[in-house]
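Peer 1: What follows is model-v2.cif, made up of mmCIF, C-alpha atoms:
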```cif
data_final
loop_
_atom_site.label_atom_id
_atom_site.label_comp_id
_atom_site.auth_asym_id
_atom_site.auth_seq_id
_atom_site.Cartn_x
_atom_site.Cartn_y
_atom_site.Cartn_z
CA MET J 86 0.00 0.00 0.00
CA THR J 87 1.45 3.34 -1.04
CA ASP J 88 1.96 6.38 1.15
CA PHE J 89 -0.78 8.16 -0.79
CA GLN J 90 -3.29 5.44 -0.01
CA LEU J 91 -2.29 5.44 3.65
CA SER J 92 -2.79 9.22 3.73
CA LEU J 93 -6.26 8.85 2.24
CA LEU J 94 -7.18 6.19 4.80
CA ALA J 95 -5.92 8.37 7.64
CA ALA J 96 -7.80 11.40 6.34
CA GLY J 97 -10.96 9.33 5.97
CA GLY J 98 -10.63 8.02 9.51
CA VAL J 99 -10.21 11.53 10.87
CA PHE J 100 -13.29 12.68 8.91
CA VAL J 101 -15.45 9.83 10.23
CA VAL J 102 -14.34 10.49 13.80
CA GLY J 103 -15.10 14.17 13.30
CA VAL J 104 -18.62 13.47 12.01
CA ILE J 105 -19.36 11.12 14.92
CA SER J 106 -18.03 13.64 17.42
CA TYR J 107 -20.09 16.43 15.88
CA ASN J 108 -23.27 14.34 16.02
CA LYS J 109 -22.64 13.46 19.67
CA TRP J 110 -22.10 17.13 20.45
CA GLN J 111 -25.36 18.06 18.71
CA GLU J 112 -27.21 15.34 20.63
CA TYR J 113 -25.79 16.67 23.89
CA LYS J 114 -26.87 20.23 23.04
CA LEU J 115 -30.37 19.06 22.13
CA LYS J 116 -30.66 17.08 25.36
CA LYS J 117 -29.66 20.12 27.42
CA ARG J 118 -32.10 22.31 25.49
CA VAL J 119 -34.97 19.93 26.21
CA GLU J 120 -34.00 19.75 29.87
CA ARG J 121 -33.96 23.54 30.08
CA ALA J 122 -37.39 23.70 28.42
CA PHE J 123 -38.83 21.69 31.30
CA ASP J 124 -36.86 23.16 34.17
CA GLY J 125 -39.68 25.61 34.97
CA GLN J 126 -37.53 28.73 35.12
CA HIS J 127 -39.55 31.92 34.74
CA ASP J 128 -39.12 35.61 35.32
CA ASP J 129 -38.44 36.32 38.97
CA VAL J 130 -41.35 37.43 41.09
CA LEU J 131 -39.78 40.84 41.52
CA MET J 132 -38.95 41.20 37.80
CA ARG J 133 -35.25 41.32 38.56
CA THR J 134 -33.18 42.93 35.84
CA ASP J 135 -29.89 41.11 36.43
CA GLY J 136 -28.63 37.71 37.51
CA GLY J 137 -28.86 38.22 41.26
CA ALA J 138 -30.09 41.60 42.40
CA ARG J 139 -33.78 42.26 42.68
CA ALA J 140 -35.31 45.31 41.08
CA GLU J 141 -38.82 46.70 41.04
CA PRO J 142 -40.38 46.81 37.61
CA SER J 143 -40.11 50.13 35.86
CA PHE J 144 -41.99 51.23 32.77
CA HIS J 145 -40.71 54.19 30.79
CA MET J 146 -43.11 54.80 27.93
CA ASP J 147 -42.29 58.44 27.24
CA ASP J 148 -39.79 57.43 24.55
CA VAL J 149 -42.12 54.87 22.95
CA PRO J 150 -44.43 56.61 20.47
CA MET J 151 -47.67 54.75 19.93
CA PRO J 152 -49.01 54.24 16.40
CA ASP J 153 -50.38 57.48 15.04
CA ALA J 154 -54.01 57.36 13.95
CA GLY J 155 -53.23 60.06 11.40
CA SER J 156 -50.58 58.14 9.50
CA GLY J 157 -51.11 56.43 6.20
CA ALA J 158 -51.60 53.10 7.93
CA TYR J 159 -54.34 54.40 10.17
CA GLY J 160 -56.96 56.27 8.26
CA VAL J 161 -59.76 55.81 10.81
CA PRO J 162 -62.78 54.22 9.12
CA GLU J 163 -66.38 55.21 9.77
CA HIS J 164 -67.04 52.38 12.21
CA MET J 165 -64.26 53.49 14.58
CA GLY J 166 -66.29 55.94 16.57
CA GLY J 167 -65.31 55.16 20.14
CA HIS J 168 -65.00 52.45 22.75
CA VAL J 169 -63.38 49.11 22.00
CA GLY J 170 -65.16 46.44 24.01
CA ALA J 171 -63.20 44.15 26.29
CA VAL J 172 -64.14 40.87 24.66
CA THR J 173 -62.02 38.39 22.80
CA ALA J 174 -62.98 38.99 19.18
CA PRO J 175 -61.91 36.78 16.31
CA GLY J 176 -62.16 36.59 12.54
CA ILE J 177 -64.86 36.18 9.96
CA LEU J 178 -68.35 35.06 10.86
CA PRO J 179 -69.21 32.14 8.56
CA ASP J 180 -72.97 32.39 8.95
CA ASP J 181 -75.80 34.13 10.77
CA GLU J 182 -76.40 31.41 13.33
CA ALA J 183 -72.81 30.90 14.40
CA GLY J 184 -72.42 34.32 16.00
CA ALA J 185 -69.39 35.40 17.96
CA THR J 186 -68.49 31.92 19.20
CA ALA J 187 -68.15 30.50 15.69
CA ALA J 188 -66.16 33.55 14.66
CA ALA J 189 -63.65 32.86 17.38
CA ALA J 190 -63.29 29.27 16.26
CA VAL J 191 -62.63 30.36 12.67
CA ALA J 192 -59.83 32.68 13.72
CA GLY J 193 -58.29 30.24 16.17
CA ALA J 194 -58.86 32.64 19.04
CA PRO J 195 -59.86 31.53 22.54
CA VAL J 196 -63.63 31.30 22.86
CA ARG J 197 -65.12 32.95 25.92
CA SER J 198 -68.68 32.30 26.97
CA ALA J 199 -69.28 36.03 27.28
CA ASP J 200 -68.64 36.53 23.55
CA ALA J 201 -71.88 34.94 22.41
CA ASP J 202 -73.98 38.04 23.15
CA VAL J 203 -71.60 40.64 21.69
CA PRO J 204 -73.27 42.77 18.97
CA VAL J 205 -71.78 42.39 15.50
CA GLU J 206 -71.00 46.12 15.40
CA GLU J 207 -68.80 45.74 18.47
CA LEU J 208 -67.13 42.67 17.00
CA ALA J 209 -66.25 44.72 13.93
CA THR J 210 -64.52 47.30 16.11
CA CYS J 211 -62.60 44.55 17.89
CA LEU J 212 -61.50 42.86 14.68
CA VAL J 213 -60.12 45.87 12.82
CA ASP J 214 -58.58 48.28 15.30
CA PRO J 215 -56.62 51.34 14.08
CA LEU J 216 -54.40 51.28 17.16
CA ILE J 217 -52.95 47.81 16.55
CA ASP J 218 -53.85 47.05 12.91
CA CYS J 219 -52.72 48.41 9.57
CA LEU J 220 -55.98 49.33 7.85
CA LEU J 221 -56.59 48.07 4.31
CA PRO J 222 -59.69 49.64 2.70
CA LEU J 223 -61.20 47.82 -0.30
CA GLU J 224 -63.68 49.58 -2.58
CA LEU J 225 -66.08 47.09 -4.12
CA GLU J 226 -67.04 47.63 -7.77
CA ALA J 227 -70.60 46.60 -6.89
CA PRO J 228 -72.43 45.44 -3.74
CA SER J 229 -71.67 41.79 -2.98
CA ARG J 230 -73.16 39.13 -0.77
CA GLY J 231 -71.12 37.70 2.08
CA GLU J 232 -71.22 34.14 0.75
CA LYS J 233 -69.50 35.32 -2.45
CA LEU J 234 -66.84 37.28 -0.56
CA LEU J 235 -65.95 34.75 2.14
CA PRO J 236 -64.18 32.10 -0.01
CA ALA J 237 -61.71 34.71 -1.26
CA LEU J 238 -61.28 36.52 2.07
CA GLN J 239 -60.58 33.28 3.92
CA LYS J 240 -57.54 32.72 1.69
CA LEU J 241 -55.85 35.61 3.47
CA ARG J 242 -56.03 34.97 7.21
CA PHE J 243 -52.36 35.26 8.20
CA VAL J 244 -49.09 36.72 6.98
CA GLY J 245 -46.33 35.16 9.02
CA ASN J 246 -47.88 34.90 12.48
CA LYS J 247 -49.88 38.14 12.10
CA PRO J 248 -53.65 37.65 11.74
CA VAL J 249 -55.58 39.39 8.96
CA HIS J 250 -59.26 40.26 9.49
CA PHE J 251 -61.96 41.71 7.25
CA ILE J 252 -65.16 43.54 8.08
CA GLY J 253 -67.83 44.89 5.74
CA LEU J 254 -70.19 47.84 5.52
CA ALA J 255 -73.64 46.25 5.25
CA VAL J 256 -76.50 47.84 3.31
CA SER J 257 -78.03 48.56 6.72
CA GLY J 258 -75.19 51.03 7.30
CA ASP J 259 -73.45 48.99 10.01
CA TRP J 260 -69.89 47.67 9.94
CA GLU J 261 -69.77 44.00 10.88
CA PRO J 262 -67.74 40.80 10.38
CA VAL J 263 -68.42 39.44 6.89
CA ARG J 264 -71.03 36.68 7.00
CA HIS J 265 -73.50 34.79 4.85
CA GLY J 266 -76.81 36.31 3.82
CA VAL J 267 -75.73 39.97 4.06
CA VAL J 268 -74.95 42.40 1.22
CA TYR J 269 -71.88 44.63 1.62
CA THR J 270 -70.96 47.83 -0.17
CA LYS J 271 -67.42 48.27 1.23
CA LEU J 272 -64.77 46.18 2.94
CA GLN J 273 -62.11 47.06 5.48
CA GLY J 274 -59.16 44.78 6.06
CA GLY J 275 -56.66 44.90 8.88
CA VAL J 276 -53.36 43.15 9.52
CA GLN J 277 -52.03 43.12 13.08
CA LEU J 278 -48.88 45.19 13.30
CA ALA J 279 -47.13 43.21 16.03
CA SER J 280 -47.37 40.05 18.06
CA ARG J 281 -45.72 38.99 21.26
CA SER J 282 -42.73 37.67 19.34
CA THR J 283 -42.18 40.01 16.36
CA ALA J 284 -43.28 43.12 14.54
CA LEU J 285 -44.71 43.03 11.04
CA ASN J 286 -41.68 43.15 8.74
CA GLU J 287 -41.03 44.20 5.14
CA LEU J 288 -41.15 40.64 3.79
CA GLU J 289 -44.49 39.93 5.47
CA TYR J 290 -45.92 43.24 4.29
CA SER J 291 -44.83 42.59 0.72
CA GLU J 292 -46.47 39.17 0.87
CA LEU J 293 -49.61 40.79 2.27
CA VAL J 294 -49.81 43.32 -0.56
CA THR J 295 -49.38 40.64 -3.22
CA ARG J 296 -52.01 38.36 -1.72
CA LEU J 297 -54.38 41.25 -1.02
CA ARG J 298 -54.27 42.33 -4.67
CA SER J 299 -55.06 38.75 -5.68
CA VAL J 300 -58.04 38.65 -3.31
CA ALA J 301 -59.21 42.07 -4.55
CA ASP J 302 -59.10 40.89 -8.17
CA GLU J 303 -61.13 37.82 -7.23
CA ILE J 304 -63.94 39.77 -5.54
CA GLY J 305 -63.89 42.82 -7.82
CA ALA J 306 -62.42 45.41 -5.47
CA GLU J 307 -59.74 48.09 -5.50
CA PRO J 308 -57.42 48.02 -2.44
CA GLN J 309 -55.81 51.09 -0.92
CA ILE J 310 -52.27 50.14 0.11
CA PRO J 311 -50.64 52.19 2.92
CA ASP J 312 -47.04 53.34 2.54
CA MET J 313 -44.63 50.60 3.66
CA ILE J 314 -42.23 52.97 5.46
CA GLU J 315 -45.00 54.37 7.68
CA VAL J 316 -46.40 50.90 8.36
CA MET J 317 -42.98 49.53 9.36
CA GLN J 318 -42.41 52.43 11.76
CA ASP J 319 -45.81 51.93 13.37
CA ALA J 320 -45.16 48.19 13.66
CA LYS J 321 -41.81 48.76 15.39
CA ASN J 322 -43.34 51.26 17.83
CA LEU J 323 -46.16 48.89 18.73
CA HIS J 324 -43.81 45.94 19.19
CA ARG J 325 -41.62 48.08 21.45
CA PHE J 326 -44.66 48.66 23.65
CA VAL J 327 -45.43 44.92 23.66
CA ALA J 328 -41.85 44.04 24.59
CA ASN J 329 -41.82 46.59 27.42
CA HIS J 330 -45.05 45.17 28.86
CA ASP J 331 -44.45 41.46 28.31
CA ALA J 332 -44.37 40.58 32.01
CA GLN J 333 -44.92 37.27 33.76
CA LEU J 334 -44.90 36.92 37.53
CA GLY J 335 -44.12 33.62 39.19
CA VAL J 336 -44.06 32.27 42.73
CA ASN J 337 -42.72 28.86 43.68
CA LEU J 338 -43.74 26.26 46.23
CA ALA J 339 -40.84 24.23 47.62
CA SER J 340 -41.55 21.01 49.49
CA ASN J 341 -40.56 21.01 53.16
CA GLY J 342 -40.17 17.23 53.10
CA ALA J 343 -40.29 14.43 50.57
CA PRO J 344 -41.15 15.16 46.90
CA TRP J 345 -44.82 15.07 45.95
CA ASN J 346 -46.24 12.21 43.94
CA ILE J 347 -47.50 13.57 40.60
CA ALA J 348 -50.61 11.37 40.54
CA THR J 349 -51.61 12.46 44.04
CA LEU J 350 -50.81 16.06 43.20
CA LEU J 351 -53.04 15.94 40.11
CA GLY J 352 -56.03 14.96 42.22
CA ALA J 353 -55.37 17.79 44.66
CA LEU J 354 -55.07 20.35 41.86
CA GLU J 355 -58.29 19.22 40.21
CA LYS J 356 -60.11 19.61 43.53
CA LEU J 357 -58.86 23.20 43.68
CA GLY J 358 -60.36 23.86 40.23
CA PHE J 359 -57.33 23.54 37.96
CA ASP J 360 -57.74 22.31 34.38
CA VAL J 361 -55.04 20.08 32.88
CA ARG J 362 -53.65 21.36 29.59
CA PRO J 363 -52.11 19.17 26.85
CA ASP J 364 -48.61 20.50 27.60
CA GLY J 365 -48.80 19.15 31.16
CA ARG J 366 -49.39 22.53 32.77
CA TYR J 367 -52.40 23.28 34.91
CA ALA J 368 -54.54 26.38 34.44
CA MET J 369 -56.99 28.07 36.79
CA PRO J 370 -60.12 29.02 34.76
CA ASP J 371 -61.53 32.53 34.98
CA GLY J 372 -65.10 31.38 34.38
CA GLU J 373 -65.36 32.85 30.88
CA GLY J 374 -63.22 30.54 28.79
CA GLY J 375 -59.86 32.06 29.73
CA HIS J 376 -57.60 31.45 32.70
CA LEU J 377 -56.20 33.51 35.57
CA PHE J 378 -52.83 31.83 36.04
CA SER J 379 -51.07 28.54 35.36
CA LEU J 380 -49.10 26.01 37.37
CA SER J 381 -46.08 23.94 36.35
CA THR J 382 -44.67 20.87 38.08
CA ASN J 383 -41.19 21.70 36.70
CA VAL J 384 -40.59 18.11 35.60
CA THR J 385 -41.17 16.18 32.40
CA LEU J 386 -44.35 14.19 31.87
CA ALA J 387 -42.41 10.97 32.44
CA GLU J 388 -41.41 11.89 36.01
CA GLU J 389 -43.36 10.47 38.95
CA THR J 390 -42.48 13.04 41.63
CA THR J 391 -41.63 16.71 41.99
CA SER J 392 -40.41 18.84 44.88
CA ARG J 393 -41.18 22.24 43.37
CA LEU J 394 -44.24 23.89 41.83
CA THR J 395 -44.38 27.20 40.00
CA LEU J 396 -47.49 29.38 39.67
CA LEU J 397 -47.29 31.85 36.80
CA LEU J 398 -49.38 34.95 36.03
CA ASP J 399 -49.36 36.34 32.49
CA VAL J 400 -49.85 39.92 33.68
CA PRO J 401 -50.99 41.76 30.51
CA CYS J 402 -53.58 39.06 29.69
CA VAL J 403 -55.56 39.30 32.94
CA ALA J 404 -57.80 42.28 33.65
CA PRO J 405 -57.13 44.16 36.92
CA ALA J 406 -60.73 43.54 38.05
CA ARG J 407 -60.02 39.80 38.15
CA ASP J 408 -57.11 40.31 40.58
CA GLY J 409 -55.01 37.58 38.99
CA PHE J 410 -52.06 38.19 41.31
CA GLY J 411 -54.21 38.11 44.45
CA SER J 412 -55.91 34.92 43.29
CA MET J 413 -52.56 33.32 42.51
CA ILE J 414 -51.14 34.14 45.95
CA ALA J 415 -54.31 32.89 47.67
CA CYS J 416 -53.98 29.62 45.75
CA ALA J 417 -50.29 29.39 46.64
CA LYS J 418 -51.08 29.79 50.34
CA ASN J 419 -53.80 27.15 50.07
CA LEU J 420 -51.37 24.73 48.47
CA MET J 421 -48.70 25.63 51.00
CA ALA J 422 -50.97 24.48 53.83
CA ARG J 423 -52.18 21.36 52.01
CA LEU J 424 -48.78 20.18 50.75
CA ASP J 425 -46.48 21.28 53.59
CA ALA J 426 -44.54 23.71 51.41
CA THR J 427 -42.91 27.13 51.55
CA ILE J 428 -43.53 30.00 49.12
CA VAL J 429 -40.15 30.99 47.69
CA ASP J 430 -38.71 33.08 44.86
CA ASP J 431 -36.49 31.81 42.06
CA ALA J 432 -33.45 32.02 44.35
CA ASN J 433 -35.25 29.72 46.83
CA GLN J 434 -35.66 32.53 49.35
CA PRO J 435 -38.94 32.59 51.33
CA LEU J 436 -41.37 35.35 50.34
CA ALA J 437 -42.90 37.18 53.29
CA ASP J 438 -46.36 38.75 53.20
CA GLU J 439 -44.77 42.21 53.15
CA THR J 440 -42.84 41.32 50.00
CA LEU J 441 -45.94 39.94 48.31
CA ALA J 442 -47.86 43.12 49.20
CA SER J 443 -45.09 45.20 47.63
CA ILE J 444 -45.29 43.13 44.44
CA ALA J 445 -49.07 43.63 44.36
CA GLY J 446 -48.45 47.38 44.35
CA GLN J 447 -46.06 47.02 41.44
CA VAL J 448 -48.68 45.03 39.53
CA LYS J 449 -51.21 47.83 40.06
CA GLU J 450 -48.74 50.38 38.66
CA PHE J 451 -48.17 48.10 35.69
CA TYR J 452 -51.92 47.94 35.03
CA ASP J 453 -52.26 51.72 35.34
CA ASP J 454 -49.48 52.20 32.79
CA MET J 455 -51.13 49.86 30.29
CA ALA J 456 -54.49 51.59 30.74
CA ALA J 457 -52.88 54.98 30.15
CA SER J 458 -51.61 53.66 26.79
CA ASP J 459 -55.17 52.67 25.72
CA ILE J 460 -54.26 48.97 25.85
CA PRO J 461 -55.70 47.88 29.22
CA ALA J 462 -54.57 44.51 30.54
CA GLY J 463 -57.06 41.78 29.72
CA SER J 464 -58.77 43.87 27.01
CA THR J 465 -59.33 42.71 23.45
CA ARG J 466 -56.30 44.68 22.31
CA ALA J 467 -54.08 43.19 25.01
CA LEU J 468 -55.28 39.64 24.35
CA ARG J 469 -54.60 40.02 20.64
CA LEU J 470 -51.11 41.45 21.19
CA PHE J 471 -50.01 39.08 23.97
CA SER J 472 -51.65 35.85 22.80
#
```
Translate the structure of the given file into structure tokens.
Peer 2:
Amino acid sequence: MTDFQLSLLAAGGVFVVGVISYNKWQEYKLKKRVERAFDGQHDDVLMRTDGGARAEPSFHMDDVPMPDAGSGAYGVPEHMGGHVGAVTAPGILPDDEAGATAAAAVAGAPVRSADADVPVEELATCLVDPLIDCLLPLELEAPSRGEKLLPALQKLRFVGNKPVHFIGLAVSGDWEPVRHGVVYTKLQGGVQLASRSTALNELEYSELVTRLRSVADEIGAEPQIPDMIEVMQDAKNLHRFVANHDAQLGVNLASNGAPWNIATLLGALEKLGFDVRPDGRYAMPDGEGGHLFSLSTNVTLAEETTSRLTLLLDVPCVAPARDGFGSMIACAKNLMARLDATIVDDANQPLADETLASIAGQVKEFYDDMAASDIPAGSTRALRLFS
């Protein structure tokens, strides 16, 4: 065997070893990532801003301009006359009988029992909102029935992860979600400018314009396209607000003795009113189809015991009137007595009643700040932005 052949064999051996090592390294990284996904770590109860020191939450919104209703993206339509109702409002109504509940199912939004009695005019205001949507007027060439419009409109329901909604001006003079059996003279579309994760970007907006023109051609309408530069600026401003108010508060229960058996724990949680979700978390219902706070066992579904529970409040998604934080703390104290546990923070330090009262004050300030920005916690706008 020549030196050249030996060199090739050696190089091949090194390559194979390298590939195996790389795969093992990737497997190790994936394993750690999965473990971290189930370790139950959340934002500290006191919203600490660094690795160890605690800091009270602070909200500085003076430098965050909200979307301007006078910009090209926000020509306020006729139906936007005033109050936006605090109900979870979804997409297009498929028929007269389905009402608000069916509309929520179409859009993939959470269905609340309180939505069933919401007037269609109010649903229209909730669906296309100039504060959080880029408005997309469509002038129909001739009046059209809802059943002819819906097949085309339902082709454009999302761009990226941003929902797109349409409402119509009925011959009665009312704006409402497009539905069967009604004749419409105008349409108004709206694409949500930001979500919890991202702002509407140039690529998504370009896709929206292309698909909107296709829909307009299909239904015989002329769309009015807002200027991309203005829309992108509004989207960034709105997402900055969302990022600054994306707060979750958690408290932990640490066992004072042996770990808890998961099966036994499940029974106790169900007695307290928790619902079990598919991801293994437990949620406390709010009585209207939503939930106040959630609970995590901090272990994988395959584990049989746990020594730590975490209760988590999604602050901007719960209205102040529901007192989500107070309910969560009351539940934590109930569990503490039942399970022989201690309420602790993420650093495993006990939380005294004085500390919890201070946090409650911070939550109230947080709610006041959101309300001052016309996006009250738990409102339709907040639920759409933070869902």
Peer 1: Check which residues satisfy the PyMOL selection byres ((chain J and resi 332) around 9) in the file shown, then give them as a list in words.
Peer 2: Asp128, Met132, Ala328, Asn329, His330, Asp331, Gln333, Leu334, Leu398, Asp399, Val400 and Pro401 of chain J
Peer 1: For the selection just defined, write its residues with C-alpha atoms to a file, as a PDB file, in the coordinates of the input.
Peer 2:
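Below you can see out.pdb, which holds the result:
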```
ATOM      1  CA  ASP J 128     -39.120  35.610  35.320  1.00  0.00           C
ATOM      2  CA  MET J 132     -38.950  41.200  37.800  1.00  0.00           C
ATOM      3  CA  ALA J 328     -41.850  44.040  24.590  1.00  0.00           C
ATOM      4  CA  ASN J 329     -41.820  46.590  27.420  1.00  0.00           C
ATOM      5  CA  HIS J 330     -45.050  45.170  28.860  1.00  0.00           C
ATOM      6  CA  ASP J 331     -44.450  41.460  28.310  1.00  0.00           C
ATOM      7  CA  GLN J 333     -44.920  37.270  33.760  1.00  0.00           C
ATOM      8  CA  LEU J 334     -44.900  36.920  37.530  1.00  0.00           C
ATOM      9  CA  LEU J 398     -49.380  34.950  36.030  1.00  0.00           C
ATOM     10  CA  ASP J 399     -49.360  36.340  32.490  1.00  0.00           C
ATOM     11  CA  VAL J 400     -49.850  39.920  33.680  1.00  0.00           C
ATOM     12  CA  PRO J 401     -50.990  41.760  30.510  1.00  0.00           C
TER      13      PRO J 401
END
```
Peer 1: Please identify all polymer residues within 10 Å of Phe378 in chain J, counting all atoms listed in the file, omitting same-chain residues fewer than 5 positions from it, and present them as a PyMOL selection string.
Peer 2: chain J and resi 333-335+359+367-371+396-400+402-403+409-410+412-413
Peer 1: Give as a ChimeraX atom specification the residues that the PyMOL selection byres ((chain J and resi 455) around 12) matches when applied to the coordinates above.
Peer 2: /J:144-146,151,326-327,329-332,400-405,448-454,456-464,466-467
Peer 1: Figure out the distance between CA of Pro308 in chain J and CA of Asp218 in chain J, please, to one decimal in Å.
Peer 2: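 Here the two named atoms are 15.8 Å from each other.
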Peer 1: Taking all atoms listed in the file into account, name the residue in J:Ala209, J:Ala348, J:Ala237, J:Leu278 that is nearest to Ile252 in chain J.
Peer 2: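 Nearest to Ile252 in chain J: J:Ala209.
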Peer 1: For each of J:Ala343, J:Val300, J:Leu93, J:Ile414, take the minimum atom-to-atom distance to Leu225 in chain J, counting all atoms listed in the file, then give the residue where this is smallest.
Peer 2: J:Val300
Peer 1: CA of Val213 in chain J and CA of Gly274 in chain J are how many Å apart?
Peer 2: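 Between these atoms lies a distance of 6.9 Å.
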Peer 1: Between J:Glu287, J:Thr440, J:Cys219, J:Asn346, which residue has the minimum interatomic distance to Asp319 in chain J, considering all atoms listed in the file?
Peer 2: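 Once distances to Asp319 in chain J are computed over all atoms listed in the file, the minimum belongs to J:Cys219.
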Peer 1: As an exercise, work out the distance from CA of Ala306 in chain J to CA of Glu224 in chain J in Å and give it to one decimal place.
Peer 2: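 These atoms are spaced 5.2 Å apart.
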Peer 1: Taking all atoms listed in the file into account, name the residue in J:Cys416, J:Val263, J:Ala339, J:Ile310 that is nearest to Lys356 in chain J.
Peer 2: J:Cys416
Peer 1: Would you mind completing range 241-260 of chain J to N, CA and C atoms and writing the output as an mmCIF file, keeping the file's coordinate frame?
Peer 2:
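result_7.cif, written as the output of this step:
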```cif
data_model
loop_
_atom_site.group_PDB
_atom_site.id
_atom_site.type_symbol
_atom_site.label_atom_id
_atom_site.label_comp_id
_atom_site.auth_asym_id
_atom_site.auth_seq_id
_atom_site.Cartn_x
_atom_site.Cartn_y
_atom_site.Cartn_z
ATOM 1 N N LEU J 241 -56.824 34.702 2.873
ATOM 2 C CA LEU J 241 -55.850 35.610 3.470
ATOM 3 C C LEU J 241 -56.211 35.818 4.932
ATOM 4 N N ARG J 242 -55.745 34.903 5.766
ATOM 5 C CA ARG J 242 -56.030 34.970 7.210
ATOM 6 C C ARG J 242 -54.802 35.274 8.036
ATOM 7 N N PHE J 243 -53.610 34.987 7.494
ATOM 8 C CA PHE J 243 -52.360 35.260 8.200
ATOM 9 C C PHE J 243 -51.278 35.660 7.203
ATOM 10 N N VAL J 244 -50.375 36.531 7.642
ATOM 11 C CA VAL J 244 -49.090 36.720 6.980
ATOM 12 C C VAL J 244 -48.038 36.540 8.074
ATOM 13 N N GLY J 245 -47.194 35.533 7.913
ATOM 14 C CA GLY J 245 -46.330 35.160 9.020
ATOM 15 C C GLY J 245 -47.215 34.675 10.162
ATOM 16 N N ASN J 246 -47.000 35.243 11.345
ATOM 17 C CA ASN J 246 -47.880 34.900 12.480
ATOM 18 C C ASN J 246 -48.821 36.046 12.816
ATOM 19 N N LYS J 247 -48.992 36.986 11.875
ATOM 20 C CA LYS J 247 -49.880 38.140 12.100
ATOM 21 C C LYS J 247 -51.251 37.858 11.485
ATOM 22 N N PRO J 248 -52.315 37.913 12.279
ATOM 23 C CA PRO J 248 -53.650 37.650 11.740
ATOM 24 C C PRO J 248 -54.139 38.795 10.857
ATOM 25 N N VAL J 249 -54.932 38.425 9.862
ATOM 26 C CA VAL J 249 -55.580 39.390 8.960
ATOM 27 C C VAL J 249 -57.085 39.211 9.110
ATOM 28 N N HIS J 250 -57.804 40.311 9.339
ATOM 29 C CA HIS J 250 -59.260 40.260 9.490
ATOM 30 C C HIS J 250 -59.918 41.170 8.468
ATOM 31 N N PHE J 251 -61.177 40.872 8.157
ATOM 32 C CA PHE J 251 -61.960 41.710 7.250
ATOM 33 C C PHE J 251 -63.330 41.975 7.874
ATOM 34 N N ILE J 252 -63.802 43.188 7.701
ATOM 35 C CA ILE J 252 -65.160 43.540 8.080
ATOM 36 C C ILE J 252 -65.807 44.215 6.870
ATOM 37 N N GLY J 253 -67.141 44.305 6.880
ATOM 38 C CA GLY J 253 -67.830 44.890 5.740
ATOM 39 C C GLY J 253 -68.866 45.904 6.175
ATOM 40 N N LEU J 254 -69.137 46.861 5.290
ATOM 41 C CA LEU J 254 -70.190 47.840 5.520
ATOM 42 C C LEU J 254 -71.459 47.280 4.891
ATOM 43 N N ALA J 255 -72.405 46.854 5.728
ATOM 44 C CA ALA J 255 -73.640 46.250 5.250
ATOM 45 C C ALA J 255 -74.573 47.320 4.685
ATOM 46 N N VAL J 256 -75.540 46.889 3.885
ATOM 47 C CA VAL J 256 -76.500 47.840 3.310
ATOM 48 C C VAL J 256 -77.307 48.527 4.400
ATOM 49 N N SER J 257 -77.335 47.935 5.589
ATOM 50 C CA SER J 257 -78.030 48.560 6.720
ATOM 51 C C SER J 257 -77.277 49.771 7.257
ATOM 52 N N GLY J 258 -76.004 49.922 6.824
ATOM 53 C CA GLY J 258 -75.190 51.030 7.300
ATOM 54 C C GLY J 258 -74.283 50.685 8.448
ATOM 55 N N ASP J 259 -74.283 49.424 8.886
ATOM 56 C CA ASP J 259 -73.450 48.990 10.010
ATOM 57 C C ASP J 259 -72.225 48.237 9.515
ATOM 58 N N TRP J 260 -71.079 48.473 10.178
ATOM 59 C CA TRP J 260 -69.890 47.670 9.940
ATOM 60 C C TRP J 260 -69.999 46.397 10.772
#
```
